[in-house]
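J.: Sharing input-v7.json (JSON, C-alpha atoms) below.
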[["chain", "number", "residue", "atom", "x", "y", "z"],
["A", 28, "MET", "CA", -33.57, -7.69, 28.59],
["A", 29, "LYS", "CA", -33.45, -6.94, 32.30],
["A", 30, "ASP", "CA", -34.79, -10.38, 33.28],
["A", 31, "ASP", "CA", -32.24, -12.18, 31.11],
["A", 32, "LYS", "CA", -29.47, -10.30, 32.91],
["A", 33, "MET", "CA", -30.90, -11.20, 36.32],
["A", 34, "ILE", "CA", -31.22, -14.85, 35.32],
["A", 35, "ASN", "CA", -27.57, -14.91, 34.22],
["A", 36, "GLU", "CA", -26.46, -13.28, 37.46],
["A", 37, "CYS", "CA", -28.47, -15.75, 39.54],
["A", 38, "GLU", "CA", -27.01, -18.67, 37.62],
["A", 39, "GLU", "CA", -23.48, -17.37, 38.21],
["A", 40, "VAL", "CA", -24.08, -17.01, 41.96],
["A", 41, "ILE", "CA", -25.60, -20.50, 42.09],
["A", 42, "LEU", "CA", -22.56, -21.95, 40.36],
["A", 43, "LYS", "CA", -20.22, -20.22, 42.82],
["A", 44, "LEU", "CA", -22.29, -21.47, 45.76],
["A", 45, "LYS", "CA", -22.22, -25.03, 44.44],
["A", 46, "LYS", "CA", -18.43, -24.91, 44.15],
["A", 47, "GLU", "CA", -18.16, -23.39, 47.62],
["A", 48, "ILE", "CA", -20.41, -26.12, 49.04],
["A", 49, "LEU", "CA", -18.31, -28.85, 47.40],
["A", 50, "THR", "CA", -15.13, -27.41, 48.97],
["A", 51, "LYS", "CA", -16.80, -27.11, 52.36],
["A", 52, "GLU", "CA", -18.10, -30.67, 52.20],
["A", 53, "VAL", "CA", -14.56, -31.92, 51.61],
["A", 54, "GLN", "CA", -13.28, -29.72, 54.47],
["A", 55, "LEU", "CA", -15.96, -31.07, 56.81],
["A", 56, "GLU", "CA", -15.18, -34.67, 55.85],
["A", 57, "GLN", "CA", -11.50, -34.11, 56.63],
["A", 58, "LEU", "CA", -12.31, -32.56, 60.01],
["A", 59, "LEU", "CA", -14.67, -35.41, 60.88],
["A", 60, "ALA", "CA", -11.97, -37.90, 59.93],
["A", 61, "LYS", "CA", -9.50, -36.12, 62.24],
["A", 62, "ILE", "CA", -12.01, -36.21, 65.10],
["A", 63, "GLU", "CA", -12.61, -39.89, 64.42],
["A", 64, "VAL", "CA", -8.87, -40.58, 64.71],
["A", 65, "LYS", "CA", -8.55, -38.56, 67.93],
["A", 66, "ASN", "CA", -11.51, -40.41, 69.45],
["A", 67, "SER", "CA", -10.23, -43.86, 68.57],
["B", 28, "MET", "CA", -55.27, -29.61, 9.76],
["B", 29, "GLU", "CA", -56.38, -27.96, 12.96],
["B", 30, "ILE", "CA", -57.92, -24.54, 12.62],
["B", 31, "ASN", "CA", -58.22, -22.45, 15.73],
["B", 32, "LYS", "CA", -60.78, -19.93, 14.57],
["B", 33, "ASN", "CA", -64.51, -20.32, 14.49],
["B", 34, "ILE", "CA", -64.84, -18.99, 11.00],
["B", 35, "ASP", "CA", -65.66, -20.62, 7.72],
["B", 36, "LEU", "CA", -62.37, -20.19, 5.91],
["B", 37, "GLN", "CA", -63.97, -21.23, 2.66],
["B", 38, "LYS", "CA", -65.87, -17.96, 2.80],
["B", 39, "VAL", "CA", -62.74, -15.90, 3.39],
["B", 40, "SER", "CA", -61.44, -14.85, 0.00],
["B", 41, "LEU", "CA", -57.80, -14.04, -0.72],
["B", 42, "GLU", "CA", -58.79, -10.37, -1.01],
["B", 43, "ASP", "CA", -60.50, -10.43, 2.41],
["B", 44, "ILE", "CA", -57.28, -11.11, 4.27],
["B", 45, "LYS", "CA", -55.74, -7.93, 2.82],
["B", 46, "LEU", "CA", -52.28, -9.38, 2.62],
["B", 47, "PHE", "CA", -52.10, -9.35, -1.15],
["B", 48, "GLN", "CA", -51.50, -6.33, -3.25],
["B", 49, "ASN", "CA", -54.54, -5.60, -5.43],
["B", 50, "ARG", "CA", -54.09, -7.07, -8.90],
["B", 51, "GLY", "CA", -50.64, -8.27, -7.83],
["B", 52, "ARG", "CA", -48.91, -11.14, -9.65],
["B", 53, "GLU", "CA", -48.96, -13.30, -6.51],
["B", 54, "ILE", "CA", -52.74, -13.32, -6.07],
["B", 55, "GLU", "CA", -53.25, -13.77, -9.83],
["B", 56, "PHE", "CA", -50.93, -16.78, -9.78],
["B", 57, "LEU", "CA", -52.90, -18.42, -6.96],
["B", 58, "LYS", "CA", -56.17, -17.85, -8.78],
["B", 59, "GLN", "CA", -54.71, -19.42, -11.93],
["B", 60, "ASN", "CA", -54.04, -22.45, -9.77],
["B", 61, "GLY", "CA", -57.69, -22.53, -8.65],
["B", 62, "ILE", "CA", -57.02, -21.10, -5.20],
["B", 63, "THR", "CA", -59.51, -18.40, -4.31],
["B", 64, "ASN", "CA", -60.06, -18.69, -0.57],
["B", 65, "VAL", "CA", -58.07, -19.20, 2.63],
["B", 66, "LEU", "CA", -59.17, -22.81, 3.14],
["B", 67, "GLU", "CA", -57.90, -23.78, -0.30],
["B", 68, "LEU", "CA", -54.65, -21.98, 0.35],
["B", 69, "LEU", "CA", -54.19, -23.69, 3.72],
["B", 70, "SER", "CA", -54.72, -27.09, 2.13],
["B", 71, "ILE", "CA", -51.43, -26.66, 0.27],
["B", 72, "THR", "CA", -48.37, -27.92, 2.08],
["B", 73, "ASP", "CA", -45.78, -26.17, -0.02],
["B", 74, "ILE", "CA", -46.10, -23.19, -2.35],
["B", 75, "ASP", "CA", -43.22, -24.51, -4.44],
["B", 76, "LEU", "CA", -45.19, -27.63, -5.33],
["B", 77, "LEU", "CA", -47.85, -25.67, -7.21],
["B", 78, "PRO", "CA", -47.95, -26.30, -10.94],
["B", 79, "ASN", "CA", -46.45, -23.51, -13.06],
["B", 80, "ILE", "CA", -44.48, -22.19, -10.10],
["B", 81, "ALA", "CA", -41.64, -21.54, -12.53],
["B", 82, "SER", "CA", -43.85, -19.00, -14.32],
["B", 83, "ILE", "CA", -43.40, -16.45, -11.55],
["B", 84, "THR", "CA", -40.16, -14.75, -10.59],
["B", 85, "THR", "CA", -37.95, -15.70, -7.66],
["B", 86, "SER", "CA", -38.94, -12.61, -5.66],
["B", 87, "GLU", "CA", -42.66, -13.23, -6.34],
["B", 88, "ARG", "CA", -42.17, -16.77, -5.07],
["B", 89, "ALA", "CA", -40.42, -15.44, -1.95],
["B", 90, "THR", "CA", -43.31, -13.02, -1.39],
["B", 91, "LEU", "CA", -45.83, -15.83, -1.77],
["B", 92, "ARG", "CA", -43.95, -18.00, 0.70],
["B", 93, "GLY", "CA", -43.88, -15.09, 3.17],
["B", 94, "ILE", "CA", -47.63, -14.49, 2.83],
["B", 95, "PHE", "CA", -48.31, -18.23, 3.04],
["B", 96, "GLU", "CA", -46.42, -18.32, 6.30],
["B", 97, "LEU", "CA", -48.32, -15.33, 7.67],
["B", 98, "ILE", "CA", -51.62, -16.99, 6.83],
["B", 99, "ARG", "CA", -50.61, -20.28, 8.46],
["B", 100, "HIS", "CA", -49.53, -18.31, 11.50],
["B", 101, "LYS", "CA", -52.75, -16.33, 11.63],
["B", 102, "TYR", "CA", -55.19, -19.19, 11.06],
["B", 103, "LEU", "CA", -53.30, -22.29, 12.23],
["B", 104, "ASN", "CA", -51.24, -20.69, 14.98],
["B", 105, "GLU", "CA", -48.07, -21.99, 13.40],
["B", 106, "GLU", "CA", -44.77, -20.45, 14.41],
["B", 107, "LEU", "CA", -43.37, -17.88, 12.03],
["B", 108, "ILE", "CA", -40.31, -19.33, 10.34],
["B", 109, "VAL", "CA", -38.78, -16.02, 9.36],
["B", 110, "ASP", "CA", -37.38, -14.54, 12.50],
["B", 111, "CYS", "CA", -38.07, -10.84, 12.57],
["B", 112, "PHE", "CA", -37.06, -10.54, 16.19],
["B", 113, "PHE", "CA", -33.33, -10.99, 15.93],
["B", 114, "ASP", "CA", -30.91, -8.08, 16.24],
["B", 115, "VAL", "CA", -29.87, -6.65, 12.94],
["B", 116, "SER", "CA", -26.78, -4.56, 13.33],
["B", 117, "LYS", "CA", -26.83, -3.56, 9.68],
["B", 118, "VAL", "CA", -30.26, -2.01, 9.99],
["B", 119, "LYS", "CA", -28.93, 0.05, 12.86],
["B", 120, "TYR", "CA", -25.84, 0.94, 10.89],
["B", 121, "TYR", "CA", -27.59, 2.09, 7.77],
["B", 122, "LEU", "CA", -30.26, 4.01, 9.55],
["B", 123, "SER", "CA", -27.95, 5.74, 11.95],
["B", 124, "SER", "CA", -25.28, 6.64, 9.44],
["B", 125, "LYS", "CA", -24.90, 10.36, 8.73],
["B", 126, "GLU", "CA", -24.31, 9.76, 5.05],
["B", 127, "ALA", "CA", -26.92, 10.98, 2.63],
["B", 128, "TYR", "CA", -29.16, 8.18, 1.52],
["B", 129, "ASN", "CA", -29.76, 7.32, -2.04],
["B", 130, "ASN", "CA", -30.13, 3.68, -1.35],
["B", 131, "ILE", "CA", -31.08, 1.61, 1.63],
["B", 132, "SER", "CA", -30.28, -1.93, 2.48],
["B", 133, "PHE", "CA", -31.44, -4.31, 5.14],
["B", 134, "GLY", "CA", -28.19, -6.17, 4.97],
["B", 135, "GLU", "CA", -28.89, -9.87, 4.84],
["B", 136, "ILE", "CA", -32.63, -9.35, 5.12],
["B", 137, "ASN", "CA", -34.74, -9.84, 2.08],
["B", 138, "LEU", "CA", -38.05, -8.10, 2.68],
["B", 139, "ASN", "CA", -39.73, -10.37, 0.11],
["B", 140, "ARG", "CA", -39.24, -13.20, 2.58],
["B", 141, "PHE", "CA", -41.50, -11.31, 4.97],
["B", 142, "GLY", "CA", -44.28, -11.45, 2.39],
["B", 143, "PHE", "CA", -43.85, -7.96, 0.94],
["B", 144, "SER", "CA", -44.23, -7.72, -2.82],
["B", 145, "LYS", "CA", -41.73, -5.88, -5.00],
["B", 146, "SER", "CA", -43.78, -2.69, -5.18],
["B", 147, "GLU", "CA", -44.38, -2.80, -1.41],
["B", 148, "VAL", "CA", -40.65, -3.24, -0.80],
["B", 149, "ASP", "CA", -40.00, -0.28, -3.12],
["B", 150, "GLN", "CA", -42.49, 1.84, -1.20],
["B", 151, "ILE", "CA", -40.98, 0.83, 2.16],
["B", 152, "ASN", "CA", -37.49, 1.61, 0.92],
["B", 153, "MET", "CA", -38.52, 4.94, -0.58],
["B", 154, "PHE", "CA", -40.20, 5.89, 2.66],
["B", 155, "LEU", "CA", -37.17, 4.94, 4.73],
["B", 156, "ILE", "CA", -34.80, 6.70, 2.35],
["B", 157, "SER", "CA", -36.77, 9.96, 2.55],
["B", 158, "LYS", "CA", -37.06, 9.65, 6.32],
["B", 159, "MET", "CA", -33.37, 8.99, 6.70],
["B", 160, "ASN", "CA", -32.51, 11.99, 4.59],
["B", 161, "GLU", "CA", -34.82, 14.08, 6.74],
["B", 162, "PHE", "CA", -33.10, 12.82, 9.87],
["B", 163, "THR", "CA", -29.71, 13.50, 8.32],
["B", 164, "ARG", "CA", -30.70, 17.08, 7.50],
["B", 165, "GLU", "CA", -31.86, 17.60, 11.04],
["B", 166, "ASN", "CA", -28.62, 16.02, 12.16],
["B", 167, "SER", "CA", -30.55, 13.61, 14.30],
["B", 168, "VAL", "CA", -30.11, 9.89, 14.35],
["B", 169, "VAL", "CA", -32.66, 7.16, 14.42],
["B", 170, "GLU", "CA", -31.61, 3.72, 15.45],
["B", 171, "PHE", "CA", -33.37, 0.44, 15.04],
["B", 172, "GLY", "CA", -32.10, -2.50, 17.04],
["B", 173, "SER", "CA", -33.99, -5.08, 15.06],
["B", 174, "ILE", "CA", -36.26, -5.49, 12.10],
["B", 175, "ILE", "CA", -39.31, -5.50, 14.40],
["B", 176, "ASP", "CA", -38.42, -1.93, 15.41],
["B", 177, "VAL", "CA", -38.43, -0.99, 11.74],
["B", 178, "PHE", "CA", -41.82, -2.66, 11.37],
["B", 179, "ALA", "CA", -43.23, -0.72, 14.34],
["B", 180, "TYR", "CA", -41.92, 2.49, 12.82],
["B", 181, "LEU", "CA", -43.42, 1.68, 9.42],
["B", 182, "LYS", "CA", -46.76, 0.81, 11.04],
["B", 183, "GLU", "CA", -46.96, 4.35, 12.40],
["B", 184, "ASN", "CA", -46.18, 5.94, 9.06],
["B", 185, "ILE", "CA", -47.34, 3.82, 6.14],
["B", 186, "LYS", "CA", -51.03, 3.55, 5.41],
["B", 187, "ARG", "CA", -51.08, 1.06, 2.55],
["B", 188, "THR", "CA", -53.46, -1.73, 3.62],
["B", 189, "SER", "CA", -51.49, -4.71, 2.27],
["B", 190, "ILE", "CA", -48.35, -3.50, 4.09],
["B", 191, "VAL", "CA", -50.12, -2.63, 7.33],
["B", 192, "SER", "CA", -51.93, -6.01, 7.44],
["B", 193, "LYS", "CA", -48.60, -7.84, 7.32],
["B", 194, "LEU", "CA", -47.00, -5.50, 9.84],
["B", 195, "ASP", "CA", -49.96, -6.08, 12.18],
["B", 196, "ILE", "CA", -49.38, -9.85, 12.17],
["B", 197, "TYR", "CA", -45.65, -9.47, 12.82],
["B", 198, "LEU", "CA", -46.13, -6.92, 15.60],
["B", 199, "ASP", "CA", -48.91, -8.92, 17.21],
["B", 200, "SER", "CA", -46.84, -12.10, 17.07],
["B", 201, "TYR", "CA", -43.86, -10.25, 18.51],
["B", 202, "GLN", "CA", -45.92, -8.94, 21.43],
["B", 203, "LYS", "CA", -47.24, -12.42, 22.18],
["B", 204, "LYS", "CA", -43.76, -13.92, 22.02],
["B", 205, "LYS", "CA", -42.43, -11.16, 24.25],
["B", 206, "SER", "CA", -45.14, -11.71, 26.88],
["B", 207, "GLN", "CA", -44.55, -15.47, 26.81],
["B", 208, "LYS", "CA", -40.83, -14.92, 27.28],
["B", 209, "GLU", "CA", -41.44, -12.49, 30.14],
["B", 210, "GLU", "CA", -43.75, -15.01, 31.80],
["B", 211, "PHE", "CA", -41.21, -17.78, 31.32],
["B", 212, "ASN", "CA", -38.44, -15.56, 32.70],
["B", 213, "GLN", "CA", -40.49, -14.76, 35.79],
["B", 214, "GLU", "CA", -40.98, -18.47, 36.49],
["B", 215, "GLU", "CA", -37.33, -19.17, 35.80],
["B", 216, "LEU", "CA", -36.28, -16.36, 38.14],
["B", 217, "GLU", "CA", -38.57, -17.64, 40.86],
["B", 218, "ASN", "CA", -37.04, -21.14, 40.60],
["B", 219, "LEU", "CA", -33.52, -19.73, 40.61],
["B", 220, "ARG", "CA", -34.24, -17.64, 43.70],
["B", 221, "LYS", "CA", -35.53, -20.74, 45.48],
["B", 222, "THR", "CA", -32.41, -22.71, 44.50],
["B", 223, "LEU", "CA", -30.25, -19.83, 45.64],
["B", 224, "LEU", "CA", -31.96, -19.76, 49.03],
["B", 225, "ASP", "CA", -31.64, -23.55, 49.48],
["B", 226, "LEU", "CA", -27.96, -23.48, 48.55],
["B", 227, "THR", "CA", -27.26, -20.57, 50.89],
["B", 228, "LYS", "CA", -28.92, -22.45, 53.74],
["B", 229, "LYS", "CA", -26.88, -25.54, 52.90],
["B", 230, "ARG", "CA", -23.66, -23.50, 52.82],
["B", 231, "ASP", "CA", -24.50, -21.87, 56.18],
["B", 232, "LYS", "CA", -25.24, -25.27, 57.70],
["B", 233, "LEU", "CA", -21.87, -26.57, 56.47],
["B", 234, "ASN", "CA", -20.15, -23.51, 57.95],
["B", 235, "GLU", "CA", -21.79, -24.24, 61.29],
["B", 236, "GLN", "CA", -20.72, -27.90, 61.20],
["B", 237, "ILE", "CA", -17.16, -26.94, 60.25],
["B", 238, "ALA", "CA", -17.02, -24.41, 63.10],
["B", 239, "LEU", "CA", -18.24, -27.09, 65.53],
["B", 240, "CYS", "CA", -15.65, -29.60, 64.35],
["B", 241, "GLU", "CA", -12.89, -27.01, 64.60],
["B", 242, "GLU", "CA", -13.99, -26.15, 68.12],
["B", 243, "LYS", "CA", -13.97, -29.83, 69.10],
["B", 244, "LEU", "CA", -10.48, -30.28, 67.72],
["B", 245, "LEU", "CA", -9.26, -27.12, 69.45],
["B", 246, "ASN", "CA", -10.63, -28.34, 72.77],
["B", 247, "TYR", "CA", -8.93, -31.67, 72.22],
["B", 248, "TYR", "CA", -5.56, -30.02, 71.54],
["B", 249, "GLU", "CA", -5.95, -27.76, 74.57],
["B", 250, "LYS", "CA", -6.66, -30.80, 76.76],
["B", 251, "MET", "CA", -3.61, -32.52, 75.36],
["B", 252, "GLY", "CA", -1.55, -29.58, 76.60],
["B", 253, "GLY", "CA", -0.94, -27.80, 73.38],
["B", 254, "VAL", "CA", 0.30, -30.82, 71.46],
["B", 255, "ASN", "CA", 0.87, -29.83, 67.88],
["B", 256, "LYS", "CA", -1.82, -30.72, 65.46]]
So that I can check it, write out the structure of this file as structure tokens.
T.:
Amino acid sequence: MKDDKMINECEEVILKLKKEILTKEVQLEQLLAKIEVKNS
Amino acid sequence: MEINKNIDLQKVSLEDIKLFQNRGREIEFLKQNGITNVLELLSITDIDLLPNIASITTSERATLRGIFELIRHKYLNEELIVDCFFDVSKVKYYLSSKEAYNNISFGEINLNRFGFSKSEVDQINMFLISKMNEFTRENSVVEFGSIIDVFAYLKENIKRTSIVSKLDIYLDSYQKKKSQKEEFNQEELENLRKTLLDLTKKRDKLNEQIALCEEKLLNYYEKMGGVNK
């Protein structure tokens, strides 16, 4: 069914976004840590 | 026992529901067991627990179970146990094959389980065989993705009351299930879209924060006269 396909596609995109967000959160933490060191 | 219809089921005879074949062994067996109306039939929990059940054949028992299930679905809103909505590749295979048909098979599906009696199954098969041969002669192919498609096709072409009454229940149930699924899917899609939007916003926000941090660090390095990071 068309809706089933759309649901699967949405779920795939959501999963990718969640992974991307996790990576970016780590990246941001590292950058903030660097700034912290430079400011100290 | 919760009955969802405002009708006196004691007054609804087994003949009234038009699911039994006239003078069929199944209806005769129930009458021998003192069951003459729908209420009495619904008070049974299991067809196999009826006395003398061994006096009828295995296929008659399967037919009775199928009809029993249809009645419980119709009057008690119970879910149909036999799943007529699944994909049946064998149905598609047999009906789309270009071979001449002298026999037809539903693969793993036993039509008795759907409440059809032996003579009804014979009639259905004969009808499908002749139709398939007709299609073969015309070199056209008919394909059925699932047993419910076969039922819809039979509904259009077979007029026998006891067959049509059963087909009606299956087709009606299928339509209801389909609408419920569509409704559920719409809600599910709406929720997923919302999640998608929230996550995208969160990702964009993170990108902004990362860009800001990078800019800060770059400024710091520039101030320090190009000291290596």
J.: Which residue, B:Glu53, B:Asn246, B:Leu76, B:Thr227, has the smallest gap to chain A when you use all atoms listed in the file?
T.: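 Smallest separation from chain A among the options: B:Thr227.
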J.: Within 8 Å of chain B, which residues of chain A are there when counting all atoms listed in the file? Please give them as a PyMOL selection string.
T.: chain A and resi 30-31+33-34+37-38+40-41+44-45+47-48+51-52+54-55+58-59+62
J.: Rounded to one decimal place, report the atom CA of B:Leu198-atom CA of A:Lys32 distance in Å.
T.: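 Atom-to-atom, atom CA of B:Leu198 to atom CA of A:Lys32, that is 24.3 Å.
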J.: Quick one: distance from atom CA of B:Asp195 to atom CA of B:Phe143 in Å, one decimal?
T.: 12.9 Å
J.: Write out as a short mmCIF file (atom, residue, chain, number, x, y, z; two decimals) with C-alpha atoms, in the frame of the given file which residues come within 10 Å of B:Glu147 when counting only C-alpha atoms, dropping same-chain ones fewer than 4 positions away.
T.:
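Output below, filename part14.cif:
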data_model
loop_
_atom_site.label_atom_id
_atom_site.label_comp_id
_atom_site.auth_asym_id
_atom_site.auth_seq_id
_atom_site.Cartn_x
_atom_site.Cartn_y
_atom_site.Cartn_z
CA GLN B 48 -51.50 -6.33 -3.25
CA LEU B 138 -38.05 -8.10 2.68
CA ASN B 139 -39.73 -10.37 0.11
CA GLY B 142 -44.28 -11.45 2.39
CA PHE B 143 -43.85 -7.96 0.94
CA ILE B 151 -40.98 0.83 2.16
CA ASN B 152 -37.49 1.61 0.92
CA MET B 153 -38.52 4.94 -0.58
CA ARG B 187 -51.08 1.06 2.55
CA SER B 189 -51.49 -4.71 2.27
CA ILE B 190 -48.35 -3.50 4.09
#
